[in-house]
Amino acid sequence: MTTDIPVEHLLDEERFGLQLSLVAGKAGLSRRIESEKLAKAGVHLTGFFDHFRPDRIQVLGQAEIAYLESLPTQEMEDKAGAFFERKPVAVVITWGAEGPAALRELADRYGVALLRSELDTAIFSAHARSALDEELAPRSTLHGVLIDIFGVGILLLGDSGIGKSEVALDLILRGHRFVADDVVEVVRRRGDVIGRGSELIRHHIEIRGLGILNVKDLFGVSAVRERKKIELCLELIAWDKIESVERVGVDEQFREILDVKVPYVHLPVSPGRNIASIVEVAARNQLLRLQGIHSAKEFQDKLLENLSARANERKLGEIE
């Protein structure tokens with residue numbers, strides 16, 4: 001789902017680090033920010049409002065403030081008034097500047113939050129875009145286990161009690177890195193799906209019979225990762241519940257997570273089957289596929305080539 005946040009959240013220094021304070025327009029703090037993009041207000045202050053985007057935070061830097069202060073009072077108020085009348089979601093003055101007093105009066109009149117940042121324009125814009133990109137990205141939660149195997153983010157899915165956490169524990173013992181168990185928070189970033197553990201149970205894994213274990217404390221900081229791109233979904237399914245089992249591996253399946261297609265494989269589970277080893281092989285195989293090497297398709301091509309050659313030999317024999 002797509003999220004939005006109130007303008008007021010930007011004032012949370014621990015969360016955003018934007019060094020912001022409210023100057024005027026307190027009523028505008030409840031307005032919702034839906035876009036991670038920012039806009040420089042420069043050209044709009046001249047009266048040109050084509051392509052004006054009220055959903056974007058408008059930034060006033062040194063040049064914009066100097067321009068306004070250079071204008072006769074009435075002209076400055078008219079231009080600034082036309083700007084605030086379009087009710088941008090919020091206006092931020094950078095470099096810790098005060099700006100003309102008229103801006104504060106206009107912010108209160110139109111209910112637009114006027115904020116001041118001690119950061120310079122470039123640093124503020126970069127930090128704000130990055131923070132908003134994280135906050136506003138589409139996100140959801142999945143029930144599964146996420147682990148980093150040979151650099152490949154693998155999401156283990158399956159019914160409760162199928163053995164996902166036990167497989168993950170085996171993989172951790174082999175030196176792979178744990179990301180999340182049970183609740184995997186996923187967010188879409190630039191066409192990728194990134195998974196992480198929920199804050200409450202981060203670094204913890206449940207092993208039936210032992211209870212809740214802290215992977216970081218047990219195996220050290222090198223055994224965990226805070227987040228990982230999901231590159232392969234493996235669903236563990238009891239063998240007797242699978243109607244058909246893939247024997248060759250030519251047909252590729254995908255699972256959509258936040259509208260992103262992620263490679264997906266059914267993995268039959270039965271007593272005595274070494275699932276951890278199979279998951280490792282799946283990770284290695286995915287690495288090969290990312291490099292354009294598809295073992296199953298290469299095998300199929302060779303098989304078809306061989307069959308075609310034999311058919312041609314038989315035809316030649318019949319002609320002779």
# chains A, B, ... in the order shown; residues from 1 in each chain; ligands from 1

call {"tool": "select_by_dssp", "arguments": {"residues": "region 9-122 of chain A", "states": "strand (DSSP E or B)", "output": "list in words"}}
result
Leu20, Ser21, Leu22, Val23, Ala24, Arg32, Ile33, Leu38, Ala39, Lys40, Ile57, Gln58, Val59, Leu60, Val91, Val92, Ile93, Leu114, Leu115, Arg116 and Ser117 of chain A

call {"tool": "atom_distance", "arguments": {"atom1": "CA of Lys164 (chain A)", "atom2": "CA of Gly197 (chain A)"}}
result
15.1 Å

call {"tool": "residues_around", "arguments": {"residues": "region 262-273 of chain A", "least_positions_apart": "4", "cutoff": "9 Å", "atoms": "only C-alpha atoms", "output": "ChimeraX atom specification"}}
result
/A:162-163,193,230-242,245-246,252-257,278-279,286

call {"tool": "write_last_selection", "arguments": {"atoms": "N, CA, C and O atoms", "output": "compact mmCIF listing (two decimals), in the first residue's frame"}}
result
# COMPACT_ATOMS: atom_id res chain seq x y z
N ILE A 162 5.89 -25.71 9.10
CA ILE A 162 6.48 -26.49 8.01
C ILE A 162 7.99 -26.63 8.17
O ILE A 162 8.62 -27.51 7.60
N GLY A 163 8.60 -25.72 8.98
CA GLY A 163 10.04 -25.84 9.23
C GLY A 163 10.89 -24.70 8.68
O GLY A 163 12.11 -24.84 8.54
N VAL A 193 12.21 -5.04 -4.22
CA VAL A 193 11.50 -5.26 -2.96
C VAL A 193 12.54 -5.52 -1.87
O VAL A 193 13.34 -6.46 -1.98
N ILE A 230 14.88 -8.83 -1.80
CA ILE A 230 14.33 -10.17 -2.01
C ILE A 230 14.48 -10.53 -3.49
O ILE A 230 13.90 -9.87 -4.35
N GLU A 231 15.26 -11.58 -3.76
CA GLU A 231 15.54 -11.96 -5.15
C GLU A 231 14.97 -13.32 -5.52
O GLU A 231 14.95 -13.69 -6.70
N LEU A 232 14.52 -14.08 -4.52
CA LEU A 232 13.96 -15.40 -4.79
C LEU A 232 13.02 -15.79 -3.66
O LEU A 232 13.36 -15.65 -2.49
N CYS A 233 11.83 -16.29 -4.03
CA CYS A 233 10.88 -16.82 -3.05
C CYS A 233 10.85 -18.34 -3.15
O CYS A 233 10.66 -18.88 -4.25
N LEU A 234 11.06 -19.01 -2.03
CA LEU A 234 10.97 -20.46 -1.98
C LEU A 234 9.84 -20.83 -1.02
O LEU A 234 9.91 -20.51 0.17
N GLU A 235 8.82 -21.49 -1.54
CA GLU A 235 7.72 -21.89 -0.67
C GLU A 235 7.86 -23.36 -0.31
O GLU A 235 7.85 -24.23 -1.19
N LEU A 236 7.99 -23.63 0.98
CA LEU A 236 8.09 -25.00 1.47
C LEU A 236 6.68 -25.59 1.57
O LEU A 236 5.81 -25.04 2.25
N ILE A 237 6.48 -26.71 0.89
CA ILE A 237 5.16 -27.36 0.86
C ILE A 237 5.34 -28.86 1.12
O ILE A 237 6.24 -29.49 0.56
N ALA A 238 4.50 -29.39 1.99
CA ALA A 238 4.54 -30.84 2.26
C ALA A 238 4.36 -31.61 0.95
O ALA A 238 3.49 -31.27 0.14
N TRP A 239 5.17 -32.63 0.75
CA TRP A 239 5.20 -33.34 -0.53
C TRP A 239 3.81 -33.87 -0.92
O TRP A 239 3.42 -33.82 -2.08
N ASP A 240 3.07 -34.35 0.06
CA ASP A 240 1.76 -34.93 -0.27
C ASP A 240 0.70 -33.88 -0.62
O ASP A 240 -0.42 -34.22 -0.98
N LYS A 241 1.05 -32.61 -0.49
CA LYS A 241 0.11 -31.54 -0.85
C LYS A 241 0.41 -30.93 -2.21
O LYS A 241 -0.30 -30.03 -2.66
N ILE A 242 1.46 -31.39 -2.87
CA ILE A 242 1.83 -30.86 -4.19
C ILE A 242 1.28 -31.77 -5.27
O ILE A 242 1.54 -32.98 -5.27
N VAL A 245 5.36 -31.96 -9.34
CA VAL A 245 6.67 -31.46 -8.93
C VAL A 245 7.49 -31.13 -10.16
O VAL A 245 7.56 -31.93 -11.11
N GLU A 246 8.12 -29.96 -10.17
CA GLU A 246 8.97 -29.57 -11.29
C GLU A 246 10.18 -30.50 -11.36
O GLU A 246 10.89 -30.68 -10.39
N GLU A 252 9.54 -21.03 -15.56
CA GLU A 252 9.79 -20.10 -14.45
C GLU A 252 8.47 -19.55 -13.92
O GLU A 252 7.58 -19.21 -14.70
N GLN A 253 8.38 -19.45 -12.62
CA GLN A 253 7.21 -18.86 -11.98
C GLN A 253 7.63 -17.62 -11.20
O GLN A 253 8.79 -17.47 -10.81
N PHE A 254 6.65 -16.74 -10.98
CA PHE A 254 6.93 -15.50 -10.26
C PHE A 254 5.83 -15.24 -9.25
O PHE A 254 4.68 -15.66 -9.43
N ARG A 255 6.20 -14.58 -8.19
CA ARG A 255 5.23 -14.13 -7.19
C ARG A 255 5.29 -12.60 -7.14
O ARG A 255 6.38 -12.03 -7.07
N GLU A 256 4.14 -11.96 -7.18
CA GLU A 256 4.10 -10.50 -7.14
C GLU A 256 4.11 -10.03 -5.69
O GLU A 256 3.26 -10.42 -4.89
N ILE A 257 5.10 -9.20 -5.37
CA ILE A 257 5.18 -8.57 -4.06
C ILE A 257 5.23 -7.07 -4.29
O ILE A 257 6.17 -6.56 -4.91
N ILE A 278 19.41 -27.76 -0.25
CA ILE A 278 18.67 -27.45 -1.48
C ILE A 278 18.49 -25.94 -1.61
O ILE A 278 18.59 -25.38 -2.71
N VAL A 279 18.25 -25.26 -0.49
CA VAL A 279 18.11 -23.80 -0.52
C VAL A 279 19.43 -23.15 -0.94
O VAL A 279 19.45 -22.19 -1.72
N GLN A 286 20.28 -19.26 -8.69
CA GLN A 286 19.75 -17.93 -8.97
C GLN A 286 20.87 -16.97 -9.36
O GLN A 286 20.69 -16.12 -10.24

call {"tool": "select_by_dssp", "arguments": {"residues": "region 78-190 of chain A", "states": "alpha helix (DSSP H)", "output": "NGL selection string"}}
result
:A and (78-85 or 101-110 or 121-136 or 164-173)

call {"tool": "closest_atom_pairs", "arguments": {"of": "region 264-293 of chain A", "to": "region 150-158 of chain A", "cutoff": "8 Å", "atoms": "only C-alpha atoms", "output": "JSON lines"}}
result
{"residue": "A:Ala283", "atom": "CA", "partner": "A:Val152", "partner_atom": "CA", "distance": 6.1}
{"residue": "A:Arg284", "atom": "CA", "partner": "A:Phe150", "partner_atom": "CA", "distance": 7.3}
{"residue": "A:Gln286", "atom": "CA", "partner": "A:Val152", "partner_atom": "CA", "distance": 7.8}
{"residue": "A:Leu287", "atom": "CA", "partner": "A:Val152", "partner_atom": "CA", "distance": 7.3}

call {"tool": "closest_residue", "arguments": {"among": "A:Asp181, A:Asp192, A:Glu75, A:Asp133", "to": "Asn214 (chain A)", "atoms": "only C-alpha atoms"}}
result
A:Asp181
